[in-house]
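Structure data (compact mmCIF, C-alpha atoms) from work_27.txt:
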```
# COMPACT_ATOMS: atom_id res chain seq x y z
CA MET A 1 -10.22 50.56 13.54
CA LYS A 2 -12.96 52.72 15.01
CA ASP A 3 -14.80 49.51 15.91
CA PHE A 4 -11.92 48.58 18.17
CA THR A 5 -11.16 51.92 19.83
CA LYS A 6 -14.73 53.01 20.59
CA GLY A 7 -14.98 50.36 23.31
CA LEU A 8 -11.97 51.76 25.12
CA TRP A 9 -13.24 55.27 25.86
CA GLU A 10 -16.11 56.76 23.84
CA GLU A 11 -18.52 53.86 24.36
CA ASN A 12 -16.74 52.22 27.27
CA PRO A 13 -19.19 49.54 28.45
CA VAL A 14 -18.60 50.19 32.14
CA PHE A 15 -18.10 53.93 32.63
CA VAL A 16 -20.27 55.17 29.76
CA GLY A 17 -22.66 52.29 29.11
CA LEU A 18 -23.08 51.36 32.80
CA LEU A 19 -23.42 47.73 31.69
CA GLY A 20 -22.44 44.62 33.60
CA LEU A 21 -22.08 46.53 36.85
CA CYS A 22 -22.84 43.50 39.02
CA SER A 23 -19.58 41.76 38.21
CA VAL A 24 -17.62 45.04 38.12
CA LEU A 25 -18.60 46.00 41.66
CA ALA A 26 -18.39 42.51 43.09
CA ILE A 27 -15.01 41.24 41.98
CA SER A 28 -12.92 44.43 41.91
CA VAL A 29 -11.07 43.64 45.14
CA SER A 30 -7.72 42.77 43.56
CA ILE A 31 -6.08 43.31 40.19
CA GLN A 32 -5.67 39.58 39.78
CA ASN A 33 -9.44 39.17 39.97
CA ALA A 34 -9.91 42.03 37.51
CA ILE A 35 -7.54 40.48 34.97
CA GLY A 36 -9.12 37.04 35.37
CA MET A 37 -12.66 38.32 34.99
CA GLY A 38 -11.66 40.64 32.13
CA VAL A 39 -10.00 37.86 30.14
CA ALA A 40 -12.95 35.52 30.73
CA LEU A 41 -15.45 38.12 29.57
CA THR A 42 -13.34 39.20 26.59
CA PHE A 43 -13.05 35.59 25.44
CA VAL A 44 -16.81 35.05 25.60
CA LEU A 45 -17.55 38.42 23.99
CA VAL A 46 -15.15 37.96 21.05
CA PHE A 47 -16.30 34.44 20.26
CA SER A 48 -20.01 35.15 20.72
CA ASN A 49 -19.68 38.20 18.43
CA VAL A 50 -17.86 36.16 15.77
CA ILE A 51 -20.21 33.16 15.94
CA ILE A 52 -23.36 35.28 15.92
CA SER A 53 -22.03 37.35 13.05
CA LEU A 54 -21.29 34.15 11.10
CA LEU A 55 -24.75 32.76 11.76
CA LYS A 56 -26.69 36.01 11.33
CA LYS A 57 -28.28 34.89 8.04
CA ILE A 58 -29.22 31.43 9.36
CA ILE A 59 -30.81 32.38 12.69
CA PRO A 60 -34.56 33.09 12.28
CA TYR A 61 -35.42 36.57 13.54
CA GLU A 62 -38.19 35.47 15.95
CA ILE A 63 -36.02 33.12 18.01
CA ARG A 64 -32.76 35.04 17.83
CA ILE A 65 -32.57 35.90 21.55
CA PRO A 66 -32.85 32.27 22.78
CA MET A 67 -30.27 31.27 20.14
CA TYR A 68 -27.87 34.00 21.32
CA ILE A 69 -28.33 32.91 24.92
CA VAL A 70 -27.53 29.28 24.07
CA ILE A 71 -24.38 30.30 22.16
CA ILE A 72 -23.27 32.56 25.02
CA ALA A 73 -24.07 29.97 27.69
CA THR A 74 -22.03 27.35 25.83
CA LEU A 75 -19.01 29.67 25.67
CA VAL A 76 -19.40 30.57 29.35
CA THR A 77 -19.48 26.88 30.28
CA ILE A 78 -16.22 26.36 28.36
CA VAL A 79 -14.56 29.25 30.22
CA ASP A 80 -15.97 28.02 33.53
CA MET A 81 -14.57 24.51 33.07
CA VAL A 82 -11.16 25.63 31.77
CA MET A 83 -10.71 28.07 34.68
CA ASN A 84 -11.83 25.47 37.20
CA ALA A 85 -9.21 23.09 35.83
CA TYR A 86 -6.19 25.37 35.44
CA LEU A 87 -6.81 28.39 37.69
CA PHE A 88 -8.61 26.84 40.62
CA GLU A 89 -8.02 29.59 43.20
CA LEU A 90 -8.92 32.42 40.86
CA HIS A 91 -12.04 30.52 39.82
CA ALA A 92 -13.01 30.14 43.47
CA SER A 93 -12.57 33.85 44.24
CA LEU A 94 -14.63 34.92 41.20
CA GLY A 95 -17.36 32.53 42.38
CA ILE A 96 -20.75 32.76 40.73
CA PHE A 97 -19.75 35.73 38.59
CA ILE A 98 -18.24 33.41 35.98
CA PRO A 99 -21.55 31.61 35.24
CA LEU A 100 -23.26 34.99 35.51
CA ILE A 101 -21.39 36.20 32.40
CA VAL A 102 -24.35 34.61 30.58
CA VAL A 103 -26.68 37.37 31.71
CA ASN A 104 -24.10 40.15 31.47
CA CYS A 105 -25.82 42.88 29.48
CA ILE A 106 -22.60 43.77 27.61
CA ILE A 107 -22.55 40.47 25.74
CA LEU A 108 -26.21 40.24 24.77
CA GLY A 109 -26.14 43.97 23.99
CA ARG A 110 -23.24 43.64 21.54
CA ALA A 111 -24.78 40.51 19.99
CA GLU A 112 -28.10 42.20 19.36
CA GLY A 113 -26.78 45.69 18.68
CA PHE A 114 -23.66 44.99 16.64
CA ALA A 115 -22.79 41.40 15.69
CA SER A 116 -26.20 40.63 14.22
CA LYS A 117 -25.85 43.49 11.73
CA ASN A 118 -22.15 43.68 10.88
CA SER A 119 -19.43 41.63 9.17
CA VAL A 120 -17.36 39.01 11.00
CA SER A 121 -14.14 41.02 11.08
CA ARG A 122 -15.86 44.16 12.38
CA SER A 123 -17.69 42.12 15.02
CA PHE A 124 -14.39 40.59 16.08
CA LEU A 125 -12.79 44.02 16.54
CA ASP A 126 -15.88 45.34 18.32
CA GLY A 127 -15.85 42.41 20.76
CA LEU A 128 -12.14 42.77 21.39
CA GLY A 129 -12.41 46.53 21.99
CA MET A 130 -15.39 46.23 24.31
CA GLY A 131 -13.71 43.38 26.20
CA ILE A 132 -10.49 45.33 26.68
CA GLY A 133 -12.46 48.44 27.67
CA TYR A 134 -14.26 46.38 30.30
CA THR A 135 -10.99 44.88 31.56
CA LEU A 136 -9.27 48.28 31.82
CA SER A 137 -12.18 49.81 33.74
CA LEU A 138 -12.15 46.84 36.07
CA ILE A 139 -8.40 47.23 36.61
CA ILE A 140 -8.75 50.95 37.41
CA LEU A 141 -11.46 50.31 39.99
CA SER A 142 -9.59 47.36 41.53
CA LEU A 143 -6.37 49.37 41.72
CA ILE A 144 -8.05 52.10 43.76
CA ARG A 145 -9.93 49.68 46.00
CA GLU A 146 -6.94 47.44 46.63
CA ILE A 147 -4.53 50.28 47.43
CA LEU A 148 -6.99 51.97 49.80
CA GLY A 149 -8.31 48.75 51.24
CA SER A 150 -5.35 46.53 51.86
CA GLY A 151 -2.32 48.58 50.80
CA THR A 152 -1.14 46.05 48.27
CA ILE A 153 -1.19 45.62 44.51
CA THR A 154 -1.69 41.97 43.60
CA ILE A 155 -0.85 41.70 39.93
CA TRP A 156 -0.71 37.92 39.71
CA GLU A 157 -0.49 35.33 42.48
CA ASN A 158 3.00 36.00 43.90
CA ILE A 159 3.73 39.28 42.14
CA VAL A 160 2.59 41.61 44.88
CA ILE A 161 3.67 45.19 45.47
CA ASP A 162 3.25 45.83 49.16
CA ILE A 163 2.86 49.60 49.60
CA ASN A 164 2.11 49.14 53.27
CA LYS A 165 5.50 47.52 53.85
CA LEU A 166 7.31 50.04 51.66
CA PHE A 167 6.19 52.87 53.92
CA GLN A 168 6.68 50.95 57.13
CA ASP A 169 10.33 50.43 56.23
CA GLN A 170 10.77 54.18 56.13
CA GLY A 171 9.15 54.52 59.52
CA THR A 172 5.84 55.91 58.28
CA LEU A 173 2.73 54.06 59.30
CA LEU A 174 -0.18 54.25 56.89
CA LEU A 175 -3.67 53.24 57.85
CA PHE A 176 -5.62 51.15 55.41
CA THR A 177 -9.23 50.36 56.03
CA ASP A 178 -10.99 47.30 54.73
CA LEU A 179 -14.10 49.42 54.25
CA PHE A 180 -13.01 49.80 50.65
CA LEU A 181 -12.87 46.06 50.17
CA LYS A 182 -16.38 45.69 51.53
CA PRO A 183 -19.45 46.08 49.25
CA SER A 184 -20.11 49.62 50.50
CA GLY A 185 -16.63 50.69 49.37
CA ALA A 186 -17.32 49.37 45.88
CA PHE A 187 -20.47 51.45 45.53
CA ILE A 188 -18.89 54.61 46.91
CA ILE A 189 -15.64 54.46 44.91
CA PHE A 190 -17.45 53.65 41.69
CA GLY A 191 -19.96 56.42 42.35
CA LEU A 192 -17.16 58.93 42.97
CA LEU A 193 -15.31 57.83 39.82
CA LEU A 194 -18.44 58.24 37.68
CA GLY A 195 -19.11 61.62 39.28
CA VAL A 196 -15.59 62.86 38.56
CA ILE A 197 -15.75 61.64 34.95
CA SER A 198 -19.06 63.36 34.28
CA THR A 199 -17.88 66.56 36.00
CA ILE A 200 -14.84 66.61 33.68
CA LYS A 201 -17.13 66.07 30.69
CA ILE A 202 -19.47 68.88 31.75
CA ASN A 203 -16.56 71.28 32.27
CA ARG A 204 -15.13 70.41 28.88
CA LYS A 205 -18.50 71.02 27.25
CA LYS A 206 -18.77 74.39 28.99
CA LYS A 207 -15.32 75.41 27.70
CA LEU A 208 -16.28 74.40 24.17
CA GLY A 209 -19.54 76.30 24.59
CA ASP A 210 -17.64 79.45 25.63
CA LYS A 211 -15.49 79.34 22.53
CA VAL A 212 -18.51 78.99 20.25
CA MET B 1 -37.08 26.04 62.29
CA LYS B 2 -34.55 28.26 64.00
CA GLU B 3 -32.12 27.50 61.22
CA LEU B 4 -34.65 28.50 58.58
CA ILE B 5 -35.45 31.79 60.30
CA SER B 6 -31.79 32.71 60.55
CA LEU B 7 -31.32 31.75 56.89
CA ALA B 8 -34.21 34.04 55.96
CA VAL B 9 -32.99 36.98 58.05
CA THR B 10 -29.48 36.59 56.67
CA ALA B 11 -30.77 36.54 53.10
CA ILE B 12 -33.07 39.54 53.56
CA LEU B 13 -30.91 41.85 55.65
CA ILE B 14 -27.29 40.89 56.20
CA GLU B 15 -26.27 39.25 52.95
CA ASN B 16 -28.75 41.27 50.96
CA ILE B 17 -28.83 40.25 47.34
CA VAL B 18 -28.24 43.79 46.04
CA LEU B 19 -26.09 45.39 48.69
CA TYR B 20 -23.95 42.40 49.64
CA SER B 21 -23.90 40.01 46.68
CA PHE B 22 -24.19 42.68 43.94
CA LEU B 23 -26.91 40.84 42.05
CA GLY B 24 -29.53 42.78 40.14
CA ILE B 25 -27.75 46.14 40.07
CA CYS B 26 -29.15 47.09 36.64
CA PRO B 27 -32.85 47.07 37.66
CA PHE B 28 -31.81 48.51 41.03
CA LEU B 29 -30.45 51.63 39.30
CA GLY B 30 -32.92 51.67 36.43
CA VAL B 31 -36.33 51.07 37.96
CA SER B 32 -35.90 52.58 41.41
CA SER B 33 -36.76 56.14 40.42
CA ASN B 34 -40.38 55.94 41.63
CA LYS B 35 -42.13 53.97 44.35
CA LYS B 36 -44.80 52.37 42.20
CA SER B 37 -42.46 50.83 39.65
CA ALA B 38 -40.09 49.75 42.44
CA ILE B 39 -42.88 47.74 44.06
CA GLY B 40 -44.03 46.33 40.73
CA MET B 41 -40.55 45.22 39.80
CA GLY B 42 -39.92 43.85 43.30
CA LEU B 43 -43.08 41.72 43.27
CA ALA B 44 -42.32 40.41 39.79
CA VAL B 45 -38.81 39.48 40.96
CA ILE B 46 -40.16 37.64 44.05
CA PHE B 47 -42.44 35.66 41.77
CA VAL B 48 -39.84 34.72 39.20
CA VAL B 49 -36.88 34.16 41.55
CA THR B 50 -38.79 31.80 43.85
CA ILE B 51 -40.37 29.73 41.07
CA SER B 52 -37.23 29.52 38.96
CA ALA B 53 -34.99 28.66 41.92
CA VAL B 54 -37.35 25.84 42.92
CA VAL B 55 -37.54 24.50 39.36
CA ALA B 56 -33.77 24.83 38.97
CA TRP B 57 -33.28 22.96 42.27
CA LEU B 58 -35.56 20.12 41.14
CA LEU B 59 -33.80 19.82 37.78
CA TYR B 60 -30.38 19.97 39.41
CA THR B 61 -31.08 17.36 42.10
CA TYR B 62 -33.16 14.90 40.10
CA ILE B 63 -31.76 15.20 36.59
CA LEU B 64 -28.35 16.86 36.39
CA VAL B 65 -26.73 15.17 39.40
CA PRO B 66 -27.95 11.57 38.79
CA PHE B 67 -26.94 11.76 35.12
CA GLU B 68 -23.60 13.43 35.93
CA MET B 69 -24.29 16.46 33.79
CA VAL B 70 -23.60 19.13 36.41
CA TYR B 71 -21.43 21.02 33.93
CA MET B 72 -24.57 21.75 31.89
CA LYS B 73 -26.14 23.70 34.75
CA THR B 74 -25.58 27.22 33.40
CA ILE B 75 -27.14 26.40 30.02
CA VAL B 76 -30.05 24.48 31.59
CA PHE B 77 -30.78 27.18 34.19
CA ILE B 78 -30.82 30.08 31.76
CA LEU B 79 -33.13 28.22 29.36
CA VAL B 80 -35.43 27.27 32.23
CA ILE B 81 -35.55 30.87 33.44
CA ALA B 82 -36.19 32.30 29.97
CA SER B 83 -39.04 29.89 29.29
CA LEU B 84 -40.47 30.24 32.81
CA VAL B 85 -40.67 33.99 32.41
CA GLN B 86 -42.59 33.47 29.15
CA ILE B 87 -44.98 30.99 30.79
CA ILE B 88 -45.55 33.22 33.82
CA GLU B 89 -46.25 36.14 31.53
CA ILE B 90 -48.88 34.17 29.58
CA LEU B 91 -50.45 32.79 32.79
CA ILE B 92 -50.71 36.17 34.47
CA LYS B 93 -52.30 37.58 31.33
CA LYS B 94 -54.95 34.81 31.44
CA ILE B 95 -55.60 34.99 35.18
CA SER B 96 -55.73 38.69 35.89
CA LEU B 97 -55.43 41.48 33.38
CA SER B 98 -54.95 44.14 36.06
CA LEU B 99 -52.04 42.20 37.58
CA TYR B 100 -50.59 41.80 34.09
CA LYS B 101 -50.79 45.53 33.52
CA SER B 102 -48.87 46.30 36.72
CA LEU B 103 -46.29 43.46 36.57
CA GLY B 104 -46.27 42.58 32.88
CA ILE B 105 -43.88 45.24 31.67
CA TYR B 106 -41.22 44.15 34.15
CA LEU B 107 -41.31 40.46 33.28
CA PRO B 108 -39.29 40.54 30.01
CA LEU B 109 -36.63 42.58 31.81
CA ILE B 110 -36.25 39.88 34.44
CA THR B 111 -34.73 37.25 32.14
CA THR B 112 -31.49 39.19 32.05
CA ASN B 113 -31.66 40.16 35.73
CA CYS B 114 -28.64 38.40 37.16
CA ALA B 115 -30.40 37.98 40.51
CA VAL B 116 -32.52 35.20 39.02
CA LEU B 117 -29.69 33.14 37.58
CA GLY B 118 -27.52 34.06 40.58
CA VAL B 119 -29.98 32.73 43.16
CA ALA B 120 -30.54 29.55 41.11
CA THR B 121 -26.76 29.00 40.90
CA ILE B 122 -26.24 29.65 44.63
CA VAL B 123 -29.06 27.25 45.55
CA ALA B 124 -27.48 24.54 43.38
CA SER B 125 -23.92 25.08 44.56
CA GLU B 126 -24.72 25.25 48.30
CA ASP B 127 -26.49 21.86 48.31
CA TYR B 128 -29.54 23.27 50.10
CA SER B 129 -32.42 20.96 50.97
CA PHE B 130 -35.73 21.66 49.22
CA ILE B 131 -37.21 23.68 52.09
CA LYS B 132 -33.99 25.64 52.52
CA ALA B 133 -33.85 26.38 48.80
CA LEU B 134 -37.43 27.63 48.91
CA VAL B 135 -36.84 29.83 51.97
CA PHE B 136 -33.53 31.17 50.67
CA SER B 137 -34.80 32.11 47.22
CA PHE B 138 -37.99 33.69 48.54
CA SER B 139 -36.25 35.75 51.21
CA SER B 140 -33.48 36.84 48.83
CA ALA B 141 -36.16 38.23 46.55
CA VAL B 142 -37.94 39.89 49.49
CA GLY B 143 -34.59 41.53 50.31
CA PHE B 144 -34.48 42.83 46.74
CA LEU B 145 -37.98 44.33 47.06
CA LEU B 146 -37.10 45.88 50.43
CA VAL B 147 -33.94 47.58 49.20
CA LEU B 148 -35.56 48.66 45.94
CA PHE B 149 -38.44 50.26 47.85
CA ILE B 150 -36.26 52.05 50.43
CA PHE B 151 -34.02 53.24 47.65
CA SER B 152 -36.89 54.60 45.56
CA THR B 153 -38.07 56.74 48.48
CA LEU B 154 -34.51 57.97 49.04
CA ARG B 155 -34.17 58.88 45.38
CA GLN B 156 -37.27 61.05 45.49
CA LYS B 157 -35.59 63.07 48.25
CA ILE B 158 -32.27 63.16 46.39
CA ALA B 159 -34.02 64.51 43.31
CA THR B 160 -34.75 67.75 45.17
CA ALA B 161 -31.40 67.94 47.01
CA PRO B 162 -28.62 70.29 45.84
CA VAL B 163 -26.30 67.72 44.26
CA PRO B 164 -23.27 68.91 42.23
CA GLU B 165 -24.11 68.75 38.55
CA GLY B 166 -21.60 66.06 37.67
CA PHE B 167 -22.85 63.77 40.42
CA LYS B 168 -26.53 63.90 39.47
CA GLY B 169 -28.21 60.64 38.55
CA VAL B 170 -26.23 57.44 38.75
CA PRO B 171 -23.13 58.62 40.67
CA ILE B 172 -25.07 59.95 43.65
CA SER B 173 -27.31 56.87 43.59
CA LEU B 174 -24.26 54.63 43.82
CA ILE B 175 -22.85 56.60 46.75
CA THR B 176 -26.21 56.41 48.52
CA ALA B 177 -26.26 52.66 47.88
CA GLY B 178 -22.80 52.44 49.44
CA ILE B 179 -24.00 54.13 52.61
CA MET B 180 -27.03 51.82 52.68
CA ALA B 181 -24.72 48.82 52.30
CA MET B 182 -22.77 50.00 55.35
CA ILE B 183 -25.99 50.10 57.38
CA PHE B 184 -27.18 46.70 56.19
CA VAL B 185 -23.86 45.04 57.11
CA ARG B 186 -24.45 46.09 60.72
CA PHE B 187 -27.62 43.98 60.86
CA ALA B 188 -25.21 41.09 61.48
CA GLY B 189 -25.48 42.08 65.16
CA ILE B 190 -29.07 40.86 65.47
CA ILE B 191 -28.24 37.22 64.80
```

Once more with this new file: its structure as structure tokens, please.
Amino acid sequence: MKDFTKGLWEENPVFVGLLGLCSVLAISVSIQNAIGMGVALTFVLVFSNVIISLLKKIIPYEIRIPMYIVIIATLVTIVDMVMNAYLFELHASLGIFIPLIVVNCIILGRAEGFASKNSVSRSFLDGLGMGIGYTLSLIILSLIREILGSGTITIWENIVIDINKLFQDQGTLLLFTDLFLKPSGAFIIFGLLLGVISTIKINRKKKLGDKV
Amino acid sequence: MKELISLAVTAILIENIVLYSFLGICPFLGVSSNKKSAIGMGLAVIFVVTISAVVAWLLYTYILVPFEMVYMKTIVFILVIASLVQIIEILIKKISLSLYKSLGIYLPLITTNCAVLGVATIVASEDYSFIKALVFSFSSAVGFLLVLFIFSTLRQKIATAPVPEGFKGVPISLITAGIMAMIFVRFAGII
């Protein structure tokens, strides 16, 4: 069970591991994107963990990294083609970040650091936990950026909560700035989030230190 | 010619690979703590990005497209990049040991730098001509070096600035990068 939950908070790949930041910063402009990217990455991560764990005794040690990359690239190609066929618009808005899952450090990191040493079931749980941890972090960041940037919450295609309109109906006019949807907004919001998290951690440590 | 210059300026400044396209963030945050390693990493990236984008373009145009195997591009590109990095590493070691000592340690890191695969994928998907592919990949990598260098000098200043404890390290770097991104977007005015 620990294998599953550690990816959610303790060893969260995004906020603690600082892995795969390229895709996190780039596509977190709407929750729909975050969910799409999260599901794609979780799929690849779970299957690459399971396959690599199954093959760990067969793969020669010297050429393990190329083998992992081929396995991961194959899975990414599957995801890429399926999304292109059934979710065309989402695929277009995620752009090159779907093929770039291949070089996402989270996946190769888990393959090398966990799946190649542990049993299939544990690797499955580890992949699932890390994938969900990644998705949740992505959703948090997208939520903040989308609310501040465009004043909407796009959960899926037509399911949109329009905060802007909600306030306008009551006669209040809120100003939203697309700065937060631009690249600079991604860096700043993510930087602030990380700063707040580590400040909380430091304060908690200090409190514990006082008691001891 | 005019077209090529504007493509180059756009790739270096306006649609900078780090600050606009978010490619290569990991080395950007990891290696940029001192000037010397920033330049070393930047030069290694220019080398690898340009060569691998050109090779990827050739493979894409003359093998994948005629044989209708475009769906294989991700697998082909990543294998090409991984083996190219190995070959470049061996070649540099043969040609100049001093160059190998300054660039060599960054080369293995580059395989998983998403800027390399990213540029190769963009070049293939935009249907650039050969010259355009060459100019685009080279200037994208120059943009990477430029931002990495500027950022490394900024970080040396930040290291001595009174930053709140929780924001030290990566958080303040990200916020600085955000402000830099704002500045770089404004370069759009010069074209």

What residues in chain B have any atom no more than 8 Å from chain A when counting only C-alpha atoms, and can you write them as number ranges by chain? B: 19-26, 71-72, 74-75, 78-79, 82, 112-114, 117-118, 121-122, 165-168, 170-182

Å distance separating CA of Ile5 in chain B from CA of Glu126 in chain B, one decimal place: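 According to the coordinates, CA of Ile5 in chain B and CA of Glu126 in chain B are separated by 17.4 Å.
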
Which polymer residues have any atom within 12 Å of an atom of Phe43 in chain A, counting all atoms listed in the file, with same-chain residues fewer than 3 positions away left out, as a PyMOL selection string? chain A and resi 36-40+46-50+72+75-80+82+98+101+107+124+127-132+134-135

Would you work out the distance separating CA of Lys117 in chain A from CA of Tyr61 in chain A, expressed in Å to one decimal?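 Value for the CA of Lys117 in chain A-CA of Tyr61 in chain A distance: 11.9 Å.
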
Contacts of range 33-43 of chain B at 6 Å (all atoms listed in the file; same-chain gap of 3+ positions) as a PyMOL selection string: chain B and resi 46+103+106+145+148-149+152

Expressed in Å, the length from CA of Phe114 in chain A to CA of Pro60 in chain A is 16.7 Å

Counting only C-alpha atoms, which residue out of A:Leu143, A:Val160, A:Ala115, A:Ala34 sits closest to Leu54 in chain A? A:Ala115

All residues 10 Å or closer to Leu59 in chain B, only C-alpha atoms, same chain fewer than 6 positions away omitted, as a list of chain:residue names: B:Ala53, B:Val65, B:Lys73, B:Val76, B:Phe77, B:Val80, B:Ala124

Could you write range 122-141 of chain B as an mmCIF file, in the coordinates of the input, with N, CA and C atoms rebuilt where they are missing?
```cif
data_model
loop_
_atom_site.group_PDB
_atom_site.id
_atom_site.type_symbol
_atom_site.label_atom_id
_atom_site.label_comp_id
_atom_site.auth_asym_id
_atom_site.auth_seq_id
_atom_site.Cartn_x
_atom_site.Cartn_y
_atom_site.Cartn_z
ATOM 1 N N ILE B 122 -26.626 29.784 43.221
ATOM 2 C CA ILE B 122 -26.240 29.650 44.630
ATOM 3 C C ILE B 122 -26.958 28.451 45.247
ATOM 4 N N VAL B 123 -28.274 28.352 44.980
ATOM 5 C CA VAL B 123 -29.060 27.250 45.550
ATOM 6 C C VAL B 123 -28.472 25.908 45.123
ATOM 7 N N ALA B 124 -28.045 25.802 43.853
ATOM 8 C CA ALA B 124 -27.480 24.540 43.380
ATOM 9 C C ALA B 124 -26.113 24.266 43.999
ATOM 10 N N SER B 125 -25.289 25.330 44.124
ATOM 11 C CA SER B 125 -23.920 25.080 44.560
ATOM 12 C C SER B 125 -23.804 24.895 46.076
ATOM 13 N N GLU B 126 -24.802 25.381 46.837
ATOM 14 C CA GLU B 126 -24.720 25.250 48.300
ATOM 15 C C GLU B 126 -25.312 23.935 48.796
ATOM 16 N N ASP B 127 -25.849 23.123 47.910
ATOM 17 C CA ASP B 127 -26.490 21.860 48.310
ATOM 18 C C ASP B 127 -27.571 22.061 49.363
ATOM 19 N N TYR B 128 -28.416 23.060 49.172
ATOM 20 C CA TYR B 128 -29.540 23.270 50.100
ATOM 21 C C TYR B 128 -30.552 22.152 49.957
ATOM 22 N N SER B 129 -31.277 21.875 51.072
ATOM 23 C CA SER B 129 -32.420 20.960 50.970
ATOM 24 C C SER B 129 -33.558 21.720 50.303
ATOM 25 N N PHE B 130 -34.654 21.003 49.968
ATOM 26 C CA PHE B 130 -35.730 21.660 49.220
ATOM 27 C C PHE B 130 -36.314 22.837 49.986
ATOM 28 N N ILE B 131 -36.610 22.612 51.285
ATOM 29 C CA ILE B 131 -37.210 23.680 52.090
ATOM 30 C C ILE B 131 -36.255 24.873 52.184
ATOM 31 N N LYS B 132 -34.978 24.563 52.410
ATOM 32 C CA LYS B 132 -33.990 25.640 52.520
ATOM 33 C C LYS B 132 -33.899 26.421 51.217
ATOM 34 N N ALA B 133 -33.920 25.714 50.095
ATOM 35 C CA ALA B 133 -33.850 26.380 48.800
ATOM 36 C C ALA B 133 -35.028 27.315 48.616
ATOM 37 N N LEU B 134 -36.208 26.826 49.034
ATOM 38 C CA LEU B 134 -37.430 27.630 48.910
ATOM 39 C C LEU B 134 -37.313 28.892 49.771
ATOM 40 N N VAL B 135 -36.931 28.691 51.054
ATOM 41 C CA VAL B 135 -36.840 29.830 51.970
ATOM 42 C C VAL B 135 -35.781 30.821 51.493
ATOM 43 N N PHE B 136 -34.616 30.291 51.087
ATOM 44 C CA PHE B 136 -33.530 31.170 50.670
ATOM 45 C C PHE B 136 -33.916 31.996 49.452
ATOM 46 N N SER B 137 -34.497 31.359 48.435
ATOM 47 C CA SER B 137 -34.800 32.110 47.220
ATOM 48 C C SER B 137 -35.896 33.135 47.483
ATOM 49 N N PHE B 138 -36.910 32.739 48.266
ATOM 50 C CA PHE B 138 -37.990 33.690 48.540
ATOM 51 C C PHE B 138 -37.463 34.874 49.339
ATOM 52 N N SER B 139 -36.685 34.616 50.391
ATOM 53 C CA SER B 139 -36.250 35.750 51.210
ATOM 54 C C SER B 139 -35.203 36.608 50.496
ATOM 55 N N SER B 140 -34.396 36.013 49.626
ATOM 56 C CA SER B 140 -33.480 36.840 48.830
ATOM 57 C C SER B 140 -34.266 37.842 48.000
ATOM 58 N N ALA B 141 -35.354 37.350 47.392
ATOM 59 C CA ALA B 141 -36.160 38.230 46.550
ATOM 60 C C ALA B 141 -36.881 39.278 47.380
#
```
